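entry-v2.pdb (PDB, C-alpha atoms) appears below.
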ATOM      1  CA  MET A   1      99.046-131.499-183.673
ATOM      2  CA  PRO A   2     102.236-133.580-183.359
ATOM      3  CA  SER A   3     103.443-131.329-180.533
ATOM      4  CA  LYS A   4     100.156-131.820-178.634
ATOM      5  CA  ARG A   5     100.453-135.586-179.001
ATOM      6  CA  ARG A   6     104.004-135.482-177.696
ATOM      7  CA  LEU A   7     102.827-133.478-174.674
ATOM      8  CA  ARG A   8     100.127-136.047-173.964
ATOM      9  CA  TRP A   9     102.574-138.938-174.182
ATOM     10  CA  ALA A  10     104.978-137.005-171.928
ATOM     11  CA  ALA A  11     102.229-136.376-169.357
ATOM     12  CA  LEU A  12     101.217-140.058-169.231
ATOM     13  CA  PRO A  13     104.326-141.375-167.435
ATOM     14  CA  LEU A  14     104.192-138.416-165.059
ATOM     15  CA  GLY A  15     100.603-139.305-164.149
ATOM     16  CA  VAL A  16     101.500-142.982-163.676
ATOM     17  CA  ALA A  17     104.480-142.033-161.507
ATOM     18  CA  ALA A  18     102.308-139.742-159.374
ATOM     19  CA  ALA A  19      99.683-142.492-158.931
ATOM     20  CA  VAL A  20     102.341-145.024-157.885
ATOM     21  CA  ALA A  21     103.893-142.545-155.453
ATOM     22  CA  LEU A  22     100.530-141.762-153.865
ATOM     23  CA  ALA A  23      99.651-145.468-153.626
ATOM     24  CA  GLY A  24     102.786-145.998-151.572
ATOM     25  CA  CYS A  25     101.870-143.282-149.053
ATOM     26  CA  THR A  26     100.915-144.283-145.526
ATOM     27  CA  ALA A  27      97.674-143.144-143.897
ATOM     28  CA  THR A  28      99.636-140.496-142.004
ATOM     29  CA  GLU A  29     101.177-139.105-145.198
ATOM     30  CA  LEU A  30      97.880-139.105-147.101
ATOM     31  CA  ASN A  31      96.310-137.119-144.260
ATOM     32  CA  GLY A  32      98.964-134.444-144.138
ATOM     33  CA  TYR A  33     100.889-135.941-141.193
ATOM     34  CA  LEU A  34      98.007-135.111-138.876
ATOM     35  CA  PRO A  35      97.503-137.252-135.753
ATOM     36  CA  GLY A  36      94.524-139.579-135.451
ATOM     37  CA  PHE A  37      95.428-142.048-138.200
ATOM     38  CA  VAL A  38      96.986-145.507-137.943
ATOM     39  CA  GLU A  39      97.809-147.686-140.936
ATOM     40  CA  GLY A  40      95.148-150.354-141.429
ATOM     41  CA  GLU A  41      92.887-148.935-138.712
ATOM     42  CA  PRO A  42      89.832-146.657-138.924
ATOM     43  CA  ALA A  43      90.198-142.973-138.100
ATOM     44  CA  ALA A  44      89.840-141.982-134.455
ATOM     45  CA  THR A  45      86.262-140.663-134.924
ATOM     46  CA  ASN A  46      83.609-140.422-137.604
ATOM     47  CA  GLN A  47      84.650-136.781-138.120
ATOM     48  CA  THR A  48      88.443-137.109-138.235
ATOM     49  CA  GLU A  49      88.682-137.788-141.971
ATOM     50  CA  ARG A  50      86.394-134.841-142.710
ATOM     51  CA  VAL A  51      88.687-132.477-140.807
ATOM     52  CA  SER A  52      91.759-134.006-142.422
ATOM     53  CA  SER A  53      90.287-133.726-145.917
ATOM     54  CA  LEU A  54      89.473-130.049-145.418
ATOM     55  CA  TRP A  55      92.984-129.380-144.126
ATOM     56  CA  VAL A  56      94.870-131.314-146.816
ATOM     57  CA  ASN A  57      92.772-130.083-149.753
ATOM     58  CA  SER A  58      93.083-126.485-148.554
ATOM     59  CA  TRP A  59      96.859-126.831-148.505
ATOM     60  CA  ILE A  60      96.857-128.391-151.988
ATOM     61  CA  VAL A  61      94.891-125.427-153.376
ATOM     62  CA  LEU A  62      97.092-122.917-151.551
ATOM     63  CA  LEU A  63     100.253-124.650-152.752
ATOM     64  CA  ALA A  64      98.969-124.568-156.345
ATOM     65  CA  VAL A  65      98.214-120.861-156.009
ATOM     66  CA  GLY A  66     101.666-120.329-154.544
ATOM     67  CA  VAL A  67     103.405-122.209-157.372
ATOM     68  CA  ILE A  68     101.510-120.205-160.017
ATOM     69  CA  THR A  69     102.230-116.932-158.214
ATOM     70  CA  TRP A  70     105.931-117.704-157.760
ATOM     71  CA  GLY A  71     106.143-118.824-161.387
ATOM     72  CA  LEU A  72     104.572-115.590-162.670
ATOM     73  CA  MET A  73     106.879-113.535-160.458
ATOM     74  CA  ALA A  74     109.943-115.391-161.775
ATOM     75  CA  TRP A  75     108.730-115.076-165.370
ATOM     76  CA  ALA A  76     108.132-111.327-164.988
ATOM     77  CA  ALA A  77     111.547-110.835-163.392
ATOM     78  CA  ILE A  78     113.248-112.671-166.274
ATOM     79  CA  ALA A  79     111.114-111.513-169.219
ATOM     80  CA  TYR A  80     111.153-107.860-168.230
ATOM     81  CA  ARG A  81     114.657-107.619-166.840
ATOM     82  CA  ARG A  82     116.836-104.725-167.940
ATOM     83  CA  ARG A  83     118.811-105.660-171.012
ATOM     84  CA  LYS A  84     122.314-104.556-171.815
ATOM     85  CA  GLY A  85     122.349-101.011-173.081
ATOM     86  CA  GLN A  86     118.936-100.114-171.640
ATOM     87  CA  THR A  87     118.553 -97.141-169.308
ATOM     88  CA  GLY A  88     115.716 -95.702-167.305
ATOM     89  CA  LEU A  89     112.472 -97.404-166.325
ATOM     90  CA  PRO A  90     110.840-100.029-168.540
ATOM     91  CA  VAL A  91     107.584 -99.285-170.301
ATOM     92  CA  GLN A  92     104.824 -98.975-167.701
ATOM     93  CA  MET A  93     101.513-100.789-168.209
ATOM     94  CA  ARG A  94      98.329 -99.210-166.910
ATOM     95  CA  TYR A  95      94.645-100.088-166.993
ATOM     96  CA  ASN A  96      95.069-103.637-168.318
ATOM     97  CA  MET A  97      91.481-104.742-167.808
ATOM     98  CA  PRO A  98      91.963-108.495-168.417
ATOM     99  CA  ILE A  99      94.747-108.651-165.805
ATOM    100  CA  GLU A 100      92.800-106.547-163.290
ATOM    101  CA  ILE A 101      89.716-108.711-163.728
ATOM    102  CA  PHE A 102      91.871-111.829-163.332
ATOM    103  CA  TYR A 103      93.488-110.825-160.048
ATOM    104  CA  THR A 104      90.140-109.618-158.681
ATOM    105  CA  VAL A 105      87.927-112.556-159.677
ATOM    106  CA  VAL A 106      90.307-115.452-158.979
ATOM    107  CA  PRO A 107      90.994-114.534-155.297
ATOM    108  CA  LEU A 108      87.260-113.976-154.809
ATOM    109  CA  ILE A 109      86.517-117.457-156.173
ATOM    110  CA  LEU A 110      89.177-118.972-153.885
ATOM    111  CA  VAL A 111      87.851-117.209-150.781
ATOM    112  CA  LEU A 112      84.228-118.144-151.531
ATOM    113  CA  GLY A 113      85.223-121.735-152.281
ATOM    114  CA  MET A 114      87.138-122.128-149.009
ATOM    115  CA  PHE A 115      84.282-120.491-147.110
ATOM    116  CA  PHE A 116      81.765-122.905-148.661
ATOM    117  CA  PHE A 117      83.702-126.076-147.850
ATOM    118  CA  THR A 118      84.591-124.855-144.352
ATOM    119  CA  ALA A 119      80.968-123.928-143.593
ATOM    120  CA  ARG A 120      79.747-127.261-145.009
ATOM    121  CA  ASP A 121      82.141-129.342-142.906
ATOM    122  CA  GLN A 122      81.700-127.242-139.775
ATOM    123  CA  SER A 123      77.927-127.607-140.038
ATOM    124  CA  ALA A 124      78.283-131.394-140.245
ATOM    125  CA  ILE A 125      80.759-131.548-137.344
ATOM    126  CA  GLU A 126      78.663-129.271-135.141
ATOM    127  CA  ALA A 127      75.443-131.250-135.725
ATOM    128  CA  LYS A 128      74.066-132.703-132.482
ATOM    129  CA  TRP A 129      72.604-136.146-131.946
ATOM    130  CA  ASP A 130      68.884-136.043-131.200
ATOM    131  CA  GLU A 131      69.233-139.135-129.009
ATOM    132  CA  PRO A 132      72.882-139.872-128.148
ATOM    133  CA  ASP A 133      73.813-143.289-126.808
ATOM    134  CA  VAL A 134      76.108-141.668-124.239
ATOM    135  CA  GLU A 135      75.965-138.178-122.731
ATOM    136  CA  ILE A 136      78.898-136.889-120.701
ATOM    137  CA  THR A 137      79.564-133.572-118.995
ATOM    138  CA  ALA A 138      83.193-132.428-119.091
ATOM    139  CA  ILE A 139      83.916-129.703-116.543
ATOM    140  CA  ALA A 140      87.079-127.606-116.857
ATOM    141  CA  LYS A 141      88.611-125.956-113.802
ATOM    142  CA  GLN A 142      91.944-124.418-112.993
ATOM    143  CA  TRP A 143      93.780-126.674-113.747
ATOM    144  CA  ALA A 144      92.169-130.065-114.248
ATOM    145  CA  TRP A 145      89.039-131.833-115.418
ATOM    146  CA  ASP A 146      85.956-133.484-113.950
ATOM    147  CA  PHE A 147      83.990-135.990-116.037
ATOM    148  CA  GLN A 148      80.375-136.793-115.241
ATOM    149  CA  TYR A 149      78.635-139.654-117.040
ATOM    150  CA  ASP A 150      75.068-138.394-117.093
ATOM    151  CA  GLY A 151      72.239-140.754-116.276
ATOM    152  CA  GLU A 152      68.655-140.972-117.435
ATOM    153  CA  GLU A 153      67.103-139.103-114.504
ATOM    154  CA  GLU A 154      66.387-135.412-115.052
ATOM    155  CA  ASP A 155      68.208-134.390-111.868
ATOM    156  CA  ASN A 156      71.196-136.631-112.727
ATOM    157  CA  SER A 157      70.748-138.531-109.470
ATOM    158  CA  ASP A 158      71.864-141.675-111.293
ATOM    159  CA  ALA A 159      74.961-140.044-112.797
ATOM    160  CA  VAL A 160      78.495-141.161-111.912
ATOM    161  CA  TRP A 161      81.654-139.084-112.070
ATOM    162  CA  THR A 162      85.373-138.714-111.548
ATOM    163  CA  MET A 163      87.231-135.665-110.250
ATOM    164  CA  GLY A 164      90.706-134.943-111.558
ATOM    165  CA  ILE A 165      93.831-133.118-110.490
ATOM    166  CA  GLN A 166      96.358-131.380-112.705
ATOM    167  CA  ALA A 167      99.576-133.053-113.774
ATOM    168  CA  GLN A 168     102.129-133.523-111.008
ATOM    169  CA  PRO A 169     105.629-133.509-112.538
ATOM    170  CA  ASP A 170     108.550-134.943-110.604
ATOM    171  CA  ALA A 171     111.930-133.272-110.153
ATOM    172  CA  ASP A 172     112.925-134.228-113.707
ATOM    173  CA  GLY A 173     109.692-132.925-115.206
ATOM    174  CA  ASN A 174     108.249-136.396-115.878
ATOM    175  CA  ILE A 175     104.476-136.745-115.511
ATOM    176  CA  ASP A 176     102.772-139.834-114.139
ATOM    177  CA  GLN A 177     100.085-140.454-116.765
ATOM    178  CA  ALA A 178      98.125-142.699-114.402
ATOM    179  CA  GLN A 179      97.379-139.684-112.166
ATOM    180  CA  LEU A 180      95.776-137.665-114.936
ATOM    181  CA  PRO A 181      91.984-137.419-115.256
ATOM    182  CA  THR A 182      90.659-140.058-117.652
ATOM    183  CA  LEU A 183      87.652-139.800-119.946
ATOM    184  CA  VAL A 184      86.291-143.224-120.949
ATOM    185  CA  LEU A 185      84.231-143.561-124.140
ATOM    186  CA  PRO A 186      82.498-146.584-125.714
ATOM    187  CA  VAL A 187      83.566-147.356-129.271
ATOM    188  CA  ASP A 188      81.067-147.019-132.152
ATOM    189  CA  GLN A 189      78.485-145.250-129.994
ATOM    190  CA  LYS A 190      76.911-141.827-130.492
ATOM    191  CA  VAL A 191      78.561-139.608-127.880
ATOM    192  CA  THR A 192      77.606-136.080-126.847
ATOM    193  CA  ILE A 193      79.990-134.238-124.540
ATOM    194  CA  ASN A 194      78.567-131.175-122.798
ATOM    195  CA  LEU A 195      81.363-128.707-122.053
ATOM    196  CA  GLN A 196      81.327-126.468-118.990
ATOM    197  CA  SER A 197      83.840-124.208-117.257
ATOM    198  CA  ARG A 198      83.983-123.448-113.551
ATOM    199  CA  ASP A 199      86.152-120.342-113.722
ATOM    200  CA  VAL A 200      87.914-118.931-116.808
ATOM    201  CA  ILE A 201      87.885-119.737-120.527
ATOM    202  CA  HIS A 202      89.296-123.192-121.281
ATOM    203  CA  SER A 203      89.386-125.265-124.471
ATOM    204  CA  PHE A 204      88.618-128.987-124.690
ATOM    205  CA  TRP A 205      91.036-130.673-127.094
ATOM    206  CA  ILE A 206      91.504-134.373-127.802
ATOM    207  CA  ILE A 207      94.512-134.159-130.098
ATOM    208  CA  ASP A 208      93.922-137.235-132.283
ATOM    209  CA  PHE A 209      90.267-136.284-132.783
ATOM    210  CA  LEU A 210      91.426-133.140-134.666
ATOM    211  CA  TYR A 211      88.856-130.876-133.053
ATOM    212  CA  LYS A 212      88.644-128.584-130.068
ATOM    213  CA  LYS A 213      85.968-126.396-128.522
ATOM    214  CA  ASP A 214      86.133-123.483-126.103
ATOM    215  CA  MET A 215      84.465-123.575-122.705
ATOM    216  CA  TYR A 216      82.990-120.419-121.203
ATOM    217  CA  ILE A 217      81.318-119.315-118.012
ATOM    218  CA  GLY A 218      77.594-118.957-118.642
ATOM    219  CA  LYS A 219      77.673-120.482-122.137
ATOM    220  CA  ASP A 220      77.868-124.251-122.321
ATOM    221  CA  ASN A 221      79.070-125.870-125.535
ATOM    222  CA  SER A 222      78.631-129.440-126.717
ATOM    223  CA  TRP A 223      80.254-131.784-129.199
ATOM    224  CA  SER A 224      78.709-134.874-130.810
ATOM    225  CA  PHE A 225      80.756-137.610-132.487
ATOM    226  CA  ILE A 226      81.337-141.366-132.707
ATOM    227  CA  PRO A 227      84.650-142.834-131.467
ATOM    228  CA  THR A 228      85.555-145.435-134.059
ATOM    229  CA  ARG A 229      88.871-146.903-132.881
ATOM    230  CA  VAL A 230      89.689-148.530-129.559
ATOM    231  CA  GLY A 231      92.783-146.992-128.007
ATOM    232  CA  GLU A 232      94.227-144.363-125.692
ATOM    233  CA  TYR A 233      94.515-140.710-126.645
ATOM    234  CA  ALA A 234      95.935-137.549-125.106
ATOM    235  CA  GLY A 235      93.882-134.481-124.264
ATOM    236  CA  LYS A 236      94.695-131.032-122.965
ATOM    237  CA  CYS A 237      93.416-127.517-122.496
ATOM    238  CA  ALA A 238      94.159-125.486-125.623
ATOM    239  CA  GLU A 239      93.419-122.034-124.165
ATOM    240  CA  LEU A 240      95.874-120.180-121.938
ATOM    241  CA  CYS A 241      94.021-120.262-118.629
ATOM    242  CA  GLY A 242      96.514-119.302-115.957
ATOM    243  CA  GLU A 243      99.726-120.278-114.217
ATOM    244  CA  TYR A 244      99.444-124.069-114.546
ATOM    245  CA  HIS A 245      97.757-124.176-117.959
ATOM    246  CA  SER A 246     100.455-126.500-119.345
ATOM    247  CA  MET A 247      99.570-129.077-116.670
ATOM    248  CA  MET A 248      95.865-129.172-117.502
ATOM    249  CA  LEU A 249      96.081-132.576-119.175
ATOM    250  CA  PHE A 250      93.803-135.601-119.408
ATOM    251  CA  ASN A 251      93.683-139.055-120.969
ATOM    252  CA  VAL A 252      90.985-140.560-123.174
ATOM    253  CA  LYS A 253      90.287-144.285-123.365
ATOM    254  CA  VAL A 254      88.011-145.640-126.085
ATOM    255  CA  VAL A 255      86.890-149.112-125.027
ATOM    256  CA  GLU A 256      84.373-151.798-125.909
ATOM    257  CA  GLN A 257      80.842-151.437-124.549
ATOM    258  CA  ASP A 258      81.182-154.118-121.865
ATOM    259  CA  GLU A 259      84.365-152.499-120.522
ATOM    260  CA  TYR A 260      82.623-149.120-120.512
ATOM    261  CA  ASP A 261      79.669-150.514-118.561
ATOM    262  CA  ALA A 262      82.048-152.128-116.063
ATOM    263  CA  TYR A 263      83.832-148.789-115.595
ATOM    264  CA  LEU A 264      80.569-146.983-114.796
ATOM    265  CA  GLN A 265      79.639-149.765-112.378
ATOM    266  CA  ALA A 266      82.988-149.387-110.608
ATOM    267  CA  LEU A 267      82.409-145.634-110.185
ATOM    268  CA  GLU A 268      78.980-146.327-108.703
ATOM    269  CA  GLU A 269      80.428-148.839-106.262
ATOM    270  CA  GLU A 270      83.016-146.253-105.201
ATOM    271  CA  GLY A 271      80.180-143.896-104.272
ATOM    272  CA  ASN A 272      80.883-141.345-107.024
ATOM    273  CA  THR A 273      77.199-140.839-107.770
ATOM    274  CA  GLY A 274      74.815-137.942-108.262
ATOM    275  CA  ASP A 275      75.369-134.557-109.816
ATOM    276  CA  ILE A 276      78.695-132.772-109.348
ATOM    277  CA  THR A 277      77.863-129.460-107.708
ATOM    278  CA  ASP A 278      79.666-126.156-107.338
ATOM    279  CA  ALA A 279      81.015-127.408-104.018
ATOM    280  CA  TYR A 280      83.881-128.741-106.106
ATOM    281  CA  ASP A 281      85.119-125.581-107.738
ATOM    282  CA  ARG A 282      88.828-124.829-107.966
ATOM    283  CA  LEU A 283      91.709-127.037-107.011
ATOM    284  CA  SER A 284      94.036-126.245-104.149
ATOM    285  CA  ASN A 285      96.566-128.986-104.883
ATOM    286  CA  TYR A 286      99.148-127.054-106.856
ATOM    287  CA  PRO A 287     102.049-129.066-108.303
ATOM    288  CA  GLY A 288     104.186-130.443-105.536
ATOM    289  CA  THR A 289     101.367-130.578-102.972
ATOM    290  CA  THR A 290      98.909-133.304-102.038
ATOM    291  CA  ALA A 291      95.307-133.500-103.196
ATOM    292  CA  PRO A 292      92.793-131.676-100.960
ATOM    293  CA  THR A 293      90.335-133.532 -98.774
ATOM    294  CA  SER A 294      86.635-133.218 -99.489
ATOM    295  CA  GLU A 295      86.316-130.644 -96.686
ATOM    296  CA  GLU A 296      89.141-128.545 -98.112
ATOM    297  CA  GLY A 297      87.563-128.591-101.565
ATOM    298  CA  GLU A 298      84.223-127.286-100.317
ATOM    299  CA  GLU A 299      83.460-123.606-100.028
TER     300      GLU A 299
END

Could I get this file's structure written as structure tokens?
Amino acid sequence: MPSKRRLRWAALPLGVAAAVALAGCTATELNGYLPGFVEGEPAATNQTERVSSLWVNSWIVLLAVGVITWGLMAWAAIAYRRRKGQTGLPVQMRYNMPIEIFYTVVPLILVLGMFFFTARDQSAIEAKWDEPDVEITAIAKQWAWDFQYDGEEEDNSDAVWTMGIQAQPDADGNIDQAQLPTLVLPVDQKVTINLQSRDVIHSFWIIDFLYKKDMYIGKDNSWSFIPTRVGEYAGKCAELCGEYHSMMLFNVKVVEQDEYDAYLQALEEEGNTGDITDAYDRLSNYPGTTAPTSEEGEE
């Protein structure tokens, strides 16, 4: 009994020290150094913390398994090392049922547990809004993005859009961010982004949102979420899609509702209205060339 009490008193300061250390962690550290978190600000979306929690907790479990495994390996190497004067092989153990059951059941529990939490979180992330506040179509093409802000009409005659070009680096490799396609989202609104590809497989990835989805020909995907922090974020294609894949970049701006409405109004006044059709397929403005005219872009 006295030894157990001593162990408890020894564990107490360790627990207090761990609590103090964790309390001093920043939001970035608590979320495994993943992007999408700023101290004192909400996460980038309503789903970001869910993804982060799954990632961090998985690593904690795996690290614990690793520590136990490494500890058992070190113990076996020390406890069963060859002593002075010993020759030949040590005594071999066979058919130890408790050990065999242990190393069969424990990995099975770990795999099933990770599958359960992954399936649970993926189901929540993949859930679609029945009536989103904003519906946007993101169209991937070699090697840029078009963004169409869908309207209420069935034929999208009241939609507005922007057409993008791929990054145009200068002689030093610097990229003018202002030239990149920009996706504008209203903060704290239910957003559904419909994902389409014009040519090959692409992948829509907003880095700070901690989620990405592939885009296929003939199979449209969608993603529903709520942007919860005003700011600017970087996006890119996360699937190797050809020669200029690395230049298939875009920006994301999360703004207040009135700024979002003003942006859509500006697109309408520019004449960027209606449904984007297949007349705007691939780009012909490779890096170092000028953007094509509307006649050059048509087929």

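The residue that comes closest to Thr45 of chain A, out of A:Ile201, A:Leu185, A:Leu195, A:Ala178 and on the basis of all atoms listed in the file, is A:Leu185.
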
Pick out the residues sitting within 8 Å of segment 122-139 of chain A, and hand them over as a PyMOL selection string; count all atoms listed in the file, and ignore anything fewer than 6 positions along from it in its own chain.
chain A and resi 47+145-151+189-198+223-225

For segment 91-105 of chain A: contacts at 12 Å, all atoms listed in the file, fewer than 3 positions along chain excluded, given as a ChimeraX atom specification
/A:65,69,80-82,86-88,108-112

Up to 12 Å from (87.9, -138.6, -142.5) in the file's coordinates: name the residues, counting only C-alpha atoms, as a PyMOL selection string.
chain A and resi 27-28+30-32+34-37+42-56+121+125+208-210+228

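The space between atom CA of Ala234 of chain A and atom CA of Asn251 of chain A spans 4.9 Å.
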
Which residues fall under the PyMOL selection byres ((chain A and resi 202) around 7) in this file, as a compact mmCIF listing (two decimals) with C-alpha atoms, keeping the file's coordinate frame?
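Everything below was put into result-v7.txt:
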# COMPACT_ATOMS: atom_id res chain seq x y z
CA ALA A 140 87.08 -127.61 -116.86
CA SER A 197 83.84 -124.21 -117.26
CA VAL A 200 87.91 -118.93 -116.81
CA ILE A 201 87.88 -119.74 -120.53
CA SER A 203 89.39 -125.26 -124.47
CA PHE A 204 88.62 -128.99 -124.69
CA ASP A 214 86.13 -123.48 -126.10
CA MET A 215 84.46 -123.58 -122.70
CA TYR A 216 82.99 -120.42 -121.20
CA CYS A 237 93.42 -127.52 -122.50
CA ALA A 238 94.16 -125.49 -125.62
CA GLU A 239 93.42 -122.03 -124.16
CA CYS A 241 94.02 -120.26 -118.63

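Atom CA of Ile175 of chain A to atom CA of Val160 of chain A spans 26.6 Å [interatomic distance, one decimal].
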
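Coordinates place atom CA of Ile206 of chain A at a distance of 10.6 Å from atom CA of Glu232 of chain A.
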
Please write the residues picked by the PyMOL selection byres ((chain A and resi 269-275) around 9) on this file as a PyMOL selection string.
chain A and resi 148+150-151+155-162+264-268+276-277

Explicit residues for the PyMOL selection byres ((chain A and resi 253-255) around 8) (as a VMD selection string):
chain A and resid 182 to 187 227 229 to 233 251 to 252 256 to 257 259 to 260

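Counting all atoms listed in the file, the residue from A:Ile207, A:Ala144, A:Gly235, A:Asp199 that sits nearest to Met247 of chain A is A:Ala144.
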